[in-house]
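S.K.: What follows is a single structure, and I will ask about it in a moment.
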Amino acid sequence: VLRKHAIWARRMALLGLALVSSGWAHASFEEGMGAMGTRDFARARAFFEAAPADARAVYQLSRLARLGLGEAVDTTRAAQLLARASELGHLDAQLDYVYALANGQGVAKDVPGAMQRLQALADKGVVEAQIELGRALYFGFWGQPREVQRSLVWLEKAARTGNAEAKTLLGIALLDGDGAPIDEARGVALVREGAEGGRVEAMNRYAAMLTFGRVVPRDEAAGARWYRQSADKLDPMGQYGTALAYL
């Protein structure tokens, strides 16, 4: 009985230590983000370094090193921190590390390795990874040959989740007949949904179609409104389209 009580007490003590450590890590991260907000990067770094097991804190340390905030730019250290945050499960770090590998930023360039990581995330249903994989295949990023049909499969998966970026990319491909038969009706619908979801490239494409009566009935006033929404997001093409509408 005494032995059982001792084991129980030890387990409870370890649980309490874990809870305290977790709370401390959370507090350190929040304090660090507060310091980031006031641009006190040295203080922010100290708080983030006090939480080495918090993926969010490690990711922020990578950003400080990559952007040279309060310290000299150090892409090697940034890549190492991204790798660590990736291992801890931080999604943004996993995606950023893919780009670091693909571009050789702070780490030996490894395009196949980057694509394998991206593919693994996409296979798990990570929408952001599905979109980035679709982009990489569609545009032939990092010196790879374009694989348009394969890219559209991933964009289709992401679009079904309601993602505005995926809808925009897929819609434009269907309108242009790039890698798939032209489907104007669905292409217009997807591009409009992308515009309604806040994607400036969709706003500009839909505005141009309305302005010149391409695929959809001509409606210059509606086209100008979409250009203006894009311009309000500081997009140069939206600003240019709005200026032309005024002229």
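Convention: chains lettered A, B, ... in structure tokens order; per-chain residue numbering from 1; ligands numbered from 1 as shown.
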Select from range 84-199 of chain A everything DSSP, run on the backbone, classes as alpha helix (DSSP H), then give the selection as an NGL selection string.
M.R.: :A and (84-87 or 91-103 or 111-123 or 127-139 or 148-159 or 164-176 or 184-196)
S.K.: I need the chosen residues saved as a PDB file, in the first residue's frame, with C-alpha atoms.
M.R.:
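What landed in selection.pdb:
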ATOM      1  CA  ARG A  84      13.153  22.706 -34.296  1.00  0.00           C
ATOM      2  CA  ALA A  85       9.742  24.401 -34.396  1.00  0.00           C
ATOM      3  CA  SER A  86       8.744  22.044 -37.211  1.00  0.00           C
ATOM      4  CA  GLU A  87       9.617  19.040 -35.054  1.00  0.00           C
ATOM      5  CA  LEU A  91       2.520  24.503 -39.046  1.00  0.00           C
ATOM      6  CA  ASP A  92       3.904  27.868 -40.186  1.00  0.00           C
ATOM      7  CA  ALA A  93       7.393  26.662 -39.278  1.00  0.00           C
ATOM      8  CA  GLN A  94       6.882  23.480 -41.284  1.00  0.00           C
ATOM      9  CA  LEU A  95       5.850  25.478 -44.354  1.00  0.00           C
ATOM     10  CA  ASP A  96       8.614  28.055 -43.903  1.00  0.00           C
ATOM     11  CA  TYR A  97      11.176  25.261 -43.526  1.00  0.00           C
ATOM     12  CA  VAL A  98       9.983  23.814 -46.838  1.00  0.00           C
ATOM     13  CA  TYR A  99      10.812  27.142 -48.486  1.00  0.00           C
ATOM     14  CA  ALA A 100      14.152  27.346 -46.668  1.00  0.00           C
ATOM     15  CA  LEU A 101      15.101  23.902 -48.013  1.00  0.00           C
ATOM     16  CA  ALA A 102      13.824  24.615 -51.516  1.00  0.00           C
ATOM     17  CA  ASN A 103      15.660  27.940 -51.771  1.00  0.00           C
ATOM     18  CA  VAL A 111      14.276  20.640 -53.512  1.00  0.00           C
ATOM     19  CA  PRO A 112      13.292  16.921 -53.433  1.00  0.00           C
ATOM     20  CA  GLY A 113      13.322  16.994 -49.636  1.00  0.00           C
ATOM     21  CA  ALA A 114      11.235  20.157 -49.595  1.00  0.00           C
ATOM     22  CA  MET A 115       8.673  18.638 -51.949  1.00  0.00           C
ATOM     23  CA  GLN A 116       8.513  15.451 -49.874  1.00  0.00           C
ATOM     24  CA  ARG A 117       7.766  17.478 -46.749  1.00  0.00           C
ATOM     25  CA  LEU A 118       5.131  19.498 -48.592  1.00  0.00           C
ATOM     26  CA  GLN A 119       3.569  16.339 -50.012  1.00  0.00           C
ATOM     27  CA  ALA A 120       3.445  14.740 -46.550  1.00  0.00           C
ATOM     28  CA  LEU A 121       1.616  17.745 -45.107  1.00  0.00           C
ATOM     29  CA  ALA A 122      -0.795  17.827 -48.051  1.00  0.00           C
ATOM     30  CA  ASP A 123      -1.504  14.113 -47.625  1.00  0.00           C
ATOM     31  CA  VAL A 127      -5.034  22.942 -46.646  1.00  0.00           C
ATOM     32  CA  GLU A 128      -2.169  25.438 -46.654  1.00  0.00           C
ATOM     33  CA  ALA A 129       0.195  22.676 -47.788  1.00  0.00           C
ATOM     34  CA  GLN A 130      -2.222  21.533 -50.492  1.00  0.00           C
ATOM     35  CA  ILE A 131      -2.314  25.078 -51.869  1.00  0.00           C
ATOM     36  CA  GLU A 132       1.472  25.508 -51.730  1.00  0.00           C
ATOM     37  CA  LEU A 133       1.975  22.116 -53.366  1.00  0.00           C
ATOM     38  CA  GLY A 134      -0.526  23.088 -56.059  1.00  0.00           C
ATOM     39  CA  ARG A 135       1.299  26.371 -56.624  1.00  0.00           C
ATOM     40  CA  ALA A 136       4.717  24.710 -56.775  1.00  0.00           C
ATOM     41  CA  LEU A 137       3.516  22.183 -59.341  1.00  0.00           C
ATOM     42  CA  TYR A 138       1.474  24.697 -61.358  1.00  0.00           C
ATOM     43  CA  PHE A 139       4.212  27.305 -61.736  1.00  0.00           C
ATOM     44  CA  VAL A 148      -0.335  21.313 -64.136  1.00  0.00           C
ATOM     45  CA  GLN A 149      -2.784  18.430 -64.011  1.00  0.00           C
ATOM     46  CA  ARG A 150      -1.320  17.150 -60.754  1.00  0.00           C
ATOM     47  CA  SER A 151      -1.407  20.664 -59.332  1.00  0.00           C
ATOM     48  CA  LEU A 152      -5.105  21.031 -60.142  1.00  0.00           C
ATOM     49  CA  VAL A 153      -5.883  17.870 -58.183  1.00  0.00           C
ATOM     50  CA  TRP A 154      -4.472  19.492 -55.045  1.00  0.00           C
ATOM     51  CA  LEU A 155      -6.086  22.848 -55.724  1.00  0.00           C
ATOM     52  CA  GLU A 156      -9.415  21.069 -56.167  1.00  0.00           C
ATOM     53  CA  LYS A 157      -9.011  19.386 -52.764  1.00  0.00           C
ATOM     54  CA  ALA A 158      -8.214  22.725 -51.120  1.00  0.00           C
ATOM     55  CA  ALA A 159     -11.022  24.544 -52.946  1.00  0.00           C
ATOM     56  CA  ALA A 164     -10.545  31.482 -51.315  1.00  0.00           C
ATOM     57  CA  GLU A 165      -6.964  31.252 -52.577  1.00  0.00           C
ATOM     58  CA  ALA A 166      -7.461  27.728 -53.908  1.00  0.00           C
ATOM     59  CA  LYS A 167     -10.733  28.741 -55.551  1.00  0.00           C
ATOM     60  CA  THR A 168      -8.995  31.653 -57.264  1.00  0.00           C
ATOM     61  CA  LEU A 169      -6.113  29.599 -58.642  1.00  0.00           C
ATOM     62  CA  LEU A 170      -8.417  26.802 -59.791  1.00  0.00           C
ATOM     63  CA  GLY A 171     -10.901  29.252 -61.301  1.00  0.00           C
ATOM     64  CA  ILE A 172      -8.229  31.031 -63.340  1.00  0.00           C
ATOM     65  CA  ALA A 173      -6.895  27.697 -64.612  1.00  0.00           C
ATOM     66  CA  LEU A 174     -10.398  26.681 -65.728  1.00  0.00           C
ATOM     67  CA  LEU A 175     -10.964  30.024 -67.447  1.00  0.00           C
ATOM     68  CA  ASP A 176      -7.639  29.811 -69.279  1.00  0.00           C
ATOM     69  CA  GLU A 184     -16.118  29.203 -68.120  1.00  0.00           C
ATOM     70  CA  ALA A 185     -19.186  28.834 -65.910  1.00  0.00           C
ATOM     71  CA  ARG A 186     -17.330  27.163 -63.043  1.00  0.00           C
ATOM     72  CA  GLY A 187     -14.248  29.298 -63.584  1.00  0.00           C
ATOM     73  CA  VAL A 188     -16.247  32.522 -63.209  1.00  0.00           C
ATOM     74  CA  ALA A 189     -18.047  31.175 -60.144  1.00  0.00           C
ATOM     75  CA  LEU A 190     -14.781  30.202 -58.455  1.00  0.00           C
ATOM     76  CA  VAL A 191     -13.068  33.493 -59.276  1.00  0.00           C
ATOM     77  CA  ARG A 192     -16.027  35.463 -57.942  1.00  0.00           C
ATOM     78  CA  GLU A 193     -16.012  33.388 -54.748  1.00  0.00           C
ATOM     79  CA  GLY A 194     -12.284  34.043 -54.449  1.00  0.00           C
ATOM     80  CA  ALA A 195     -12.947  37.780 -54.830  1.00  0.00           C
ATOM     81  CA  GLU A 196     -15.681  37.654 -52.210  1.00  0.00           C
TER      82      GLU A 196
END
S.K.: Contacts of range 57-69 of chain A at 6 Å or less, counting only C-alpha atoms, minus same-chain residues fewer than 2 places along, as a ChimeraX atom specification?
M.R.: /A:29,48,54-55,71-75,78,81-82,85
S.K.: Those selected residues, please, written with C-alpha atoms and delivered as a PDB file, in the first residue's frame.
M.R.:
ATOM      1  CA  PHE A  29       5.263  33.305 -24.989  1.00  0.00           C
ATOM      2  CA  PHE A  48      10.947  33.210 -26.093  1.00  0.00           C
ATOM      3  CA  ASP A  54       6.968  25.934 -26.923  1.00  0.00           C
ATOM      4  CA  ALA A  55       6.766  25.627 -30.721  1.00  0.00           C
ATOM      5  CA  GLU A  71      20.018  41.162 -33.919  1.00  0.00           C
ATOM      6  CA  ALA A  72      22.058  40.599 -37.061  1.00  0.00           C
ATOM      7  CA  VAL A  73      20.355  38.599 -39.795  1.00  0.00           C
ATOM      8  CA  ASP A  74      21.348  34.968 -39.366  1.00  0.00           C
ATOM      9  CA  THR A  75      19.675  32.680 -41.909  1.00  0.00           C
ATOM     10  CA  ALA A  78      16.802  30.879 -38.473  1.00  0.00           C
ATOM     11  CA  LEU A  81      15.090  27.182 -35.308  1.00  0.00           C
ATOM     12  CA  LEU A  82      12.559  26.502 -38.052  1.00  0.00           C
ATOM     13  CA  ALA A  85       9.742  24.401 -34.396  1.00  0.00           C
TER      14      ALA A  85
END
S.K.: Find the residues near Val200 in chain A: any atom within 8 Å, counting only C-alpha atoms, skip ones fewer than 6 places away on the same chain, and give them as an NGL selection string.
M.R.: :A and (230 or 233 or 235 or 238)
S.K.: What does the structure give for the distance between CA of Gln80 in chain A and CA of Lys124 in chain A, in Å to one decimal?
M.R.: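 Rounded to one decimal, the two atoms are 24.0 Å apart.
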S.K.: Record the distance separating CA of Gly70 in chain A and CA of Arg39 in chain A, expressed in Å with one decimal.
M.R.: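 These two atoms are separated by 8.6 Å.
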S.K.: Write out as a ChimeraX atom specification each polymer residue whose atoms come within 12 Å of Asp232 in chain A, counting only C-alpha atoms; drop sequence neighbours fewer than 5 positions from it.
M.R.: /A:198,200,203,225-227,237-242
S.K.: Go ahead and compute the interatomic distance for CA of Ala108 in chain A and CA of Ala46 in chain A, in Å to one decimal.
M.R.: 28.7 Å
S.K.: Need to verify the contact set: Ala221 in chain A, 10 Å, only C-alpha atoms, exclusion of same-chain residues closer than 2 positions in sequence. Can you return it as a PyMOL selection string?
M.R.: chain A and resi 207+210-211+218-219+223-227+245
S.K.: Grab the residues selected above and save them as a compact mmCIF listing (two decimals), in the first residue's frame with N, CA and C atoms.
M.R.:
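Output contents, as saved in result-v4.txt:
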# COMPACT_ATOMS: atom_id res chain seq x y z
N ALA A 207 -12.89 41.88 -62.02
CA ALA A 207 -13.10 43.27 -62.44
C ALA A 207 -12.83 43.42 -63.93
N LEU A 210 -15.66 41.92 -66.00
CA LEU A 210 -16.84 42.78 -65.98
C LEU A 210 -16.63 44.04 -66.82
N THR A 211 -15.44 44.62 -66.71
CA THR A 211 -15.15 45.87 -67.41
C THR A 211 -15.21 45.70 -68.93
N ARG A 218 -21.07 42.70 -69.78
CA ARG A 218 -20.27 43.89 -69.48
C ARG A 218 -20.98 44.76 -68.45
N ASP A 219 -20.23 45.17 -67.42
CA ASP A 219 -20.76 46.02 -66.35
C ASP A 219 -19.59 46.82 -65.79
N GLY A 223 -17.27 46.46 -62.39
CA GLY A 223 -15.84 46.24 -62.53
C GLY A 223 -15.03 47.25 -61.74
N ALA A 224 -15.46 48.52 -61.81
CA ALA A 224 -14.76 49.57 -61.06
C ALA A 224 -14.85 49.33 -59.56
N ARG A 225 -15.99 48.83 -59.10
CA ARG A 225 -16.15 48.56 -57.66
C ARG A 225 -15.19 47.47 -57.20
N TRP A 226 -15.02 46.43 -58.03
CA TRP A 226 -14.09 45.37 -57.64
C TRP A 226 -12.64 45.85 -57.70
N TYR A 227 -12.31 46.67 -58.70
CA TYR A 227 -10.96 47.25 -58.74
C TYR A 227 -10.72 48.09 -57.49
N ALA A 245 -10.52 53.62 -64.37
CA ALA A 245 -11.97 53.81 -64.29
C ALA A 245 -12.29 55.29 -64.10
S.K.: With only C-alpha atoms as the basis for distance, which of A:Gly140, A:Arg56, A:Ala180, A:Gly106 is at the shortest distance from Thr76 in chain A?
M.R.: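 Closest candidate: A:Gly106.
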